[in-house]
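Coordinates from run32.txt are shown below (compact mmCIF, C-alpha atoms).
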```
# COMPACT_ATOMS: atom_id res chain seq x y z
CA MET A 1 29.70 20.41 6.50
CA ALA A 2 30.63 22.54 9.41
CA THR A 3 28.70 24.94 11.59
CA TYR A 4 29.92 28.48 12.11
CA ASN A 5 28.76 31.23 14.45
CA LEU A 6 28.77 34.96 13.98
CA ASN A 7 27.79 36.87 17.11
CA TYR A 8 27.87 40.66 16.98
CA SER A 9 28.80 42.20 20.31
CA GLY A 10 30.43 45.25 21.88
CA SER A 11 32.38 47.45 19.51
CA MET A 12 32.66 44.95 16.66
CA SER A 13 32.49 46.41 13.18
CA THR A 14 29.21 45.99 11.31
CA LEU A 15 31.30 44.34 8.62
CA GLN A 16 32.81 40.99 9.45
CA TYR A 17 34.91 38.64 7.39
CA VAL A 18 33.66 35.14 8.19
CA TYR A 19 35.96 32.28 7.24
CA PHE A 20 34.81 28.81 6.24
CA TYR A 21 37.08 25.80 6.03
CA GLU A 22 35.49 23.15 3.87
CA ASN A 23 36.78 19.90 2.45
CA ILE A 24 35.92 20.57 -1.17
CA THR A 25 38.68 18.28 -2.39
CA SER A 26 36.79 15.25 -1.11
CA ALA A 27 33.46 16.44 -2.53
CA ILE A 28 34.37 17.00 -6.16
CA ASP A 29 37.17 16.47 -8.66
CA THR A 30 38.70 19.88 -8.18
CA SER A 31 39.96 20.03 -11.76
CA ALA A 32 36.37 20.99 -12.58
CA LEU A 33 36.90 24.15 -10.56
CA SER A 34 39.90 25.41 -12.51
CA GLY A 35 39.34 29.01 -13.51
CA LYS A 36 35.84 29.03 -12.03
CA ASN A 37 34.39 31.46 -9.55
CA LEU A 38 32.56 30.16 -6.52
CA LEU A 39 29.13 31.27 -5.40
CA PHE A 40 27.46 31.08 -2.03
CA TYR A 41 23.75 30.37 -2.16
CA ILE A 42 22.46 31.57 1.21
CA ARG A 43 19.08 30.67 2.64
CA GLY A 44 17.67 31.58 6.06
CA ARG A 45 15.68 28.85 7.79
CA GLU A 46 13.36 31.20 9.65
CA THR A 47 12.89 33.92 7.09
CA ASN A 48 13.50 32.19 3.76
CA PHE A 49 15.85 35.10 3.07
CA ILE A 50 17.75 34.14 -0.07
CA ARG A 51 20.79 35.71 -1.68
CA THR A 52 23.62 34.60 -3.90
CA ILE A 53 27.02 36.19 -3.54
CA ALA A 54 30.33 35.66 -5.30
CA ALA A 55 32.91 34.16 -2.96
CA TYR A 56 36.03 36.28 -2.65
CA PRO A 57 39.01 34.45 -4.23
CA THR A 58 41.00 34.03 -1.02
CA ASP A 59 44.28 33.30 -2.79
CA SER A 60 44.44 35.43 -5.93
CA GLY A 61 41.91 38.10 -4.97
CA ASP A 62 41.24 38.30 -8.72
CA TYR A 63 37.76 37.59 -10.07
CA ASN A 64 39.20 37.19 -13.58
CA SER A 65 41.56 34.50 -12.40
CA PRO A 66 40.06 33.15 -9.17
CA THR A 67 42.09 30.86 -6.94
CA PHE A 68 41.39 29.90 -3.36
CA LEU A 69 43.69 29.02 -0.50
CA ASN A 70 43.51 25.26 -0.14
CA ASN A 71 45.24 22.09 0.90
CA ASN A 72 44.12 18.48 0.76
CA ARG A 73 42.05 18.90 3.90
CA TYR A 74 40.19 22.11 3.34
CA TRP A 75 39.60 25.13 1.20
CA THR A 76 39.53 28.54 2.82
CA LEU A 77 36.38 30.41 1.81
CA ARG A 78 35.20 33.76 3.07
CA LEU A 79 32.19 35.99 3.00
CA THR A 80 31.69 39.50 4.26
CA ALA A 81 28.72 39.81 6.58
CA PHE A 82 27.12 43.25 6.82
CA TYR A 83 25.07 43.89 9.95
CA PRO A 84 21.63 45.07 8.76
CA THR A 85 21.66 48.70 9.81
CA THR A 86 19.36 50.94 7.78
CA SER A 87 22.30 52.38 5.86
CA ASN A 88 23.92 48.99 5.22
CA ILE A 89 20.63 47.62 3.86
CA SER A 90 20.24 50.62 1.60
CA ASN A 91 23.83 50.92 0.40
CA TYR A 92 24.83 47.30 0.07
CA ASP A 93 21.70 45.28 -0.61
CA THR A 94 18.69 47.08 -2.01
CA THR A 95 20.28 49.49 -4.47
CA SER A 96 23.14 47.62 -6.13
CA ASN A 97 24.49 44.13 -6.63
CA LEU A 98 28.09 45.26 -6.28
CA ALA A 99 28.52 44.17 -2.66
CA LYS A 100 27.18 40.73 -3.58
CA ARG A 101 29.66 40.52 -6.43
CA GLN A 102 32.38 41.35 -3.90
CA GLY A 103 31.39 38.51 -1.58
CA GLY A 104 29.23 40.58 0.76
CA VAL A 105 25.78 39.98 2.16
CA VAL A 106 23.60 42.13 4.39
CA ILE A 107 22.30 39.40 6.59
CA PRO A 108 19.26 39.47 8.90
CA ILE A 109 20.13 38.78 12.51
CA GLY A 110 18.69 35.94 14.55
CA ASP A 111 18.56 33.30 11.88
CA THR A 112 20.37 30.14 10.90
CA TYR A 113 21.57 30.07 7.32
CA ASP A 114 22.18 27.12 5.07
CA ILE A 115 24.91 28.00 2.60
CA GLU A 116 25.51 25.91 -0.49
CA VAL A 117 28.56 26.38 -2.69
CA TYR A 118 28.33 26.55 -6.47
CA TYR A 119 30.93 27.05 -9.17
CA THR A 120 30.30 29.08 -12.26
CA SER A 121 31.96 30.01 -15.51
CA GLN A 122 29.56 32.88 -16.06
CA SER A 123 31.02 36.26 -16.94
CA TYR A 124 31.56 38.57 -14.00
CA ILE A 125 28.57 40.73 -14.92
CA ASN A 126 26.29 37.68 -14.65
CA ILE A 127 28.21 35.94 -11.90
CA LEU A 128 25.32 35.89 -9.41
CA ASN A 129 23.05 33.83 -11.66
CA VAL A 130 22.81 30.61 -9.69
CA ALA A 131 20.63 28.96 -12.33
CA SER A 132 23.62 28.67 -14.64
CA ALA A 133 26.02 27.55 -11.91
CA THR A 134 26.77 24.01 -10.75
CA LYS A 135 26.37 22.94 -7.15
CA ILE A 136 29.24 21.30 -5.35
CA PRO A 137 27.52 18.40 -3.60
CA GLY A 138 27.91 17.81 0.11
CA ILE A 139 29.22 21.22 1.14
CA ASN A 140 26.47 22.27 3.47
CA ILE A 141 27.69 25.20 5.52
CA VAL A 142 25.56 26.28 8.48
CA LEU A 143 25.98 29.83 9.76
CA ASN A 144 24.27 31.08 12.90
CA VAL A 145 24.00 34.86 13.05
CA SER A 146 23.14 36.52 16.33
CA VAL A 147 23.64 39.76 18.21
CA ASP A 148 24.42 40.50 21.81
CA GLU A 149 22.59 43.33 23.57
CA THR A 150 25.99 44.99 24.07
CA PHE A 151 26.51 45.53 20.35
CA ALA A 152 27.05 49.25 19.71
CA SER A 153 25.33 49.47 16.32
CA ILE A 154 21.88 48.25 17.29
CA GLU A 155 19.34 50.77 16.07
CA THR A 156 16.68 51.94 18.49
CA ASP A 157 13.80 50.57 16.43
CA ASN A 158 15.54 47.28 15.96
CA PRO A 159 13.82 44.73 18.20
CA ILE A 160 16.04 42.61 20.34
CA SER A 161 15.29 40.38 23.27
CA TYR A 162 17.76 38.58 25.41
CA TYR A 163 18.15 36.79 28.70
CA THR A 164 20.98 36.31 31.07
CA GLU A 165 22.39 32.86 31.19
CA TYR A 166 23.28 31.71 34.69
CA ALA A 167 25.90 29.15 35.49
CA ASN A 168 24.13 27.74 38.52
CA ASN A 169 21.37 25.22 38.42
CA ASP A 170 18.07 26.78 39.39
CA LEU A 171 16.81 24.09 41.65
CA ILE A 172 18.70 22.29 44.33
CA ALA A 173 16.36 19.56 45.37
CA GLU A 174 18.64 18.10 48.03
CA SER A 175 18.38 21.20 50.17
CA ILE A 176 14.62 21.04 50.54
CA GLY A 177 13.87 20.34 54.18
CA THR A 178 10.68 20.12 56.21
CA LYS A 179 9.47 23.48 54.94
CA GLY A 180 8.82 22.08 51.49
CA TYR A 181 10.87 24.66 49.59
CA SER A 182 14.51 25.31 48.93
CA SER A 183 16.19 28.38 50.31
CA ASP A 184 18.97 27.91 47.77
CA ASN A 185 16.91 28.33 44.64
CA ASN A 186 18.32 30.68 42.07
CA ARG A 187 15.23 32.69 41.32
CA ASP A 188 16.60 34.95 38.59
CA SER A 189 13.99 35.05 35.91
CA GLN A 190 16.10 33.71 33.12
CA TYR A 191 13.18 31.98 31.47
CA GLY A 192 10.73 34.85 31.84
CA THR A 193 8.47 32.90 34.19
CA GLN A 194 6.85 34.15 37.36
CA ASN A 195 8.44 33.04 40.61
CA TRP A 196 8.64 33.92 44.28
CA GLN A 197 10.21 32.71 47.46
CA PRO A 198 8.42 31.71 50.72
CA THR A 199 9.92 33.08 53.92
CA TYR A 200 8.38 30.99 56.70
CA MET B 1 36.40 25.41 17.77
CA GLY B 2 35.47 29.05 17.40
CA THR B 3 34.60 30.68 14.13
CA LYS B 4 37.26 32.94 12.70
CA THR B 5 35.91 36.42 12.04
CA GLU B 6 37.66 39.73 11.47
CA ASN B 7 36.53 43.34 11.89
CA VAL B 8 36.42 45.08 8.54
CA ASP B 9 36.17 48.77 7.72
CA ILE B 10 34.65 49.98 4.48
CA ASN B 11 35.67 53.06 2.57
CA THR B 12 32.30 54.28 1.36
CA SER B 13 33.65 56.96 -0.97
CA MET B 14 35.81 54.36 -2.76
CA TYR B 15 32.80 52.06 -2.95
CA GLU B 16 30.69 54.81 -4.55
CA GLU B 17 33.53 55.70 -6.89
CA LEU B 18 33.65 52.07 -8.02
CA ILE B 19 29.90 52.00 -8.64
CA GLU B 20 30.22 55.09 -10.82
CA LYS B 21 33.11 53.58 -12.78
CA LEU B 22 31.30 50.26 -13.26
CA ALA B 23 28.34 52.12 -14.70
CA THR B 24 30.53 53.28 -17.57
CA VAL B 25 32.12 49.88 -18.29
CA GLU B 26 30.16 47.20 -20.10
CA ASP B 27 32.89 44.64 -20.65
CA SER B 28 32.71 41.90 -18.04
CA GLU B 29 36.45 41.32 -17.77
CA GLU B 30 37.04 45.02 -17.33
CA GLN B 31 34.43 45.11 -14.57
CA ALA B 32 36.10 42.22 -12.76
CA LYS B 33 39.44 43.97 -13.16
CA LEU B 34 38.05 47.14 -11.62
CA VAL B 35 36.47 45.30 -8.71
CA THR B 36 39.70 43.43 -8.07
CA GLU B 37 41.70 46.64 -8.24
CA TYR B 38 39.37 48.45 -5.83
CA TYR B 39 38.78 45.60 -3.41
CA ASN B 40 41.63 46.34 -1.02
CA LYS B 41 40.96 50.06 -1.20
CA ILE B 42 37.36 49.50 -0.14
CA PHE B 43 37.75 46.80 2.48
CA THR B 44 40.46 46.87 5.11
CA ILE B 45 40.87 44.66 8.14
CA ARG B 46 40.73 46.78 11.30
CA SER B 47 44.05 46.69 13.11
```
Please re-express this file's structure in structure tokens.
Amino acid sequence: MATYNLNYSGSMSTLQYVYFYENITSAIDTSALSGKNLLFYIRGRETNFIRTIAAYPTDSGDYNSPTFLNNNRYWTLRLTAFYPTTSNISNYDTTSNLAKRQGGVVIPIGDTYDIEVYYTSQSYINILNVASATKIPGINIVLNVSVDETFASIETDNPISYYTEYANNDLIAESIGTKGYSSDNNRDSQYGTQNWQPTY
Amino acid sequence: MGTKTENVDINTSMYEELIEKLATVEDSEEQAKLVTEYYNKIFTIRS
């Protein structure tokens, strides 16, 4: 039920492990999950981008005998987010399902993703088939994916817009005197609007 | 609370080697075994 944020910036790797901590024990009788693999069904709100990926077994690391780190409060789940460079899209999304079967997803930037968790007893070859998997009710993960303009792996034809967030309030009404304008206004164009400052 | 993320490096030659091996294996359990065996060779957390 939690919200998570992945923000690419600076020299971060294009691949990121993203950890989720979800209270699956309270959502389902976990005996139903014995020996089952977990799937993430990922859907972007803006783009309707949809993928299923096989969650990496965070305890055993073994897709033949999947177990996940857990206690009574939460289960530790993990996906591998691939920043959508041209090569990542080509190598890990459009030409093979291997990365998806390893818990990886090449994920478009600038979207909010709803992630539902399924369990499946499908063979590993068919593990991504969500139609034959069973949804764990109530585990609604929200993942925000964004990029900072400082991120080193932005490609030149990859559109990005950004603004600088200022800590100060823009308008200080109390300081307006007989001149009818404030000399203390922060006029940085953080909202992209036109502005100017009188000098009389 | 912040989201826990970790920088990961991928060994592309190992990844391609795994794809080639999977292409020759039809048994599902064997495929899962291969993927499990290769996982930590392909993905490593950046130190």
- For chain B, which residue out of A:Ser161, A:Ser96, A:Thr67, A:Ser90 is the nearest one, using only C-alpha atoms? A:Ser96
Mind listing as a CSV table (one decimal) with C-alpha atoms, keeping the file's coordinate frame which residues of chain B are within 9 Å of chain A, counting all atoms listed in the file?
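Output (result-v6.csv):
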```csv
chain,number,residue,atom,x,y,z
B,2,GLY,CA,35.5,29.0,17.4
B,3,THR,CA,34.6,30.7,14.1
B,4,LYS,CA,37.3,32.9,12.7
B,5,THR,CA,35.9,36.4,12.0
B,6,GLU,CA,37.7,39.7,11.5
B,7,ASN,CA,36.5,43.3,11.9
B,8,VAL,CA,36.4,45.1,8.5
B,9,ASP,CA,36.2,48.8,7.7
B,10,ILE,CA,34.6,50.0,4.5
B,15,TYR,CA,32.8,52.1,-3.0
B,18,LEU,CA,33.6,52.1,-8.0
B,19,ILE,CA,29.9,52.0,-8.6
B,26,GLU,CA,30.2,47.2,-20.1
B,27,ASP,CA,32.9,44.6,-20.6
B,28,SER,CA,32.7,41.9,-18.0
B,29,GLU,CA,36.4,41.3,-17.8
B,30,GLU,CA,37.0,45.0,-17.3
B,31,GLN,CA,34.4,45.1,-14.6
B,32,ALA,CA,36.1,42.2,-12.8
B,33,LYS,CA,39.4,44.0,-13.2
B,35,VAL,CA,36.5,45.3,-8.7
B,36,THR,CA,39.7,43.4,-8.1
B,37,GLU,CA,41.7,46.6,-8.2
B,39,TYR,CA,38.8,45.6,-3.4
B,45,ILE,CA,40.9,44.7,8.1
B,46,ARG,CA,40.7,46.8,11.3
```
Counting only C-alpha atoms, which residues have an atom no more than 7 Å from (21.0, 29.4, 6.7) in the file's coordinates? Please list them as a compact mmCIF listing (two decimals) with C-alpha atoms, in the frame of the given file.
```txt
# COMPACT_ATOMS: atom_id res chain seq x y z
CA ILE A 42 22.46 31.57 1.21
CA ARG A 43 19.08 30.67 2.64
CA GLY A 44 17.67 31.58 6.06
CA ARG A 45 15.68 28.85 7.79
CA ASP A 111 18.56 33.30 11.88
CA THR A 112 20.37 30.14 10.90
CA TYR A 113 21.57 30.07 7.32
CA ASP A 114 22.18 27.12 5.07
CA ILE A 115 24.91 28.00 2.60
CA VAL A 142 25.56 26.28 8.48
CA LEU A 143 25.98 29.83 9.76
```
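Atom CA of Ala152 of chain A to atom CA of Ile109 of chain A spans 14.5 Å [interatomic distance, one decimal].
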Can you sort out the box for segment 50-68 of chain A, edges along x, y and z, all listed atoms in, 3 Å on every side, with centre and edge lengths in Å to one decimal, as AutoDock Vina command-line options?
```
--center_x 31.1 --center_y 34.1 --center_z -6.8 --size_x 32.7 --size_y 14.4 --size_z 19.5
```
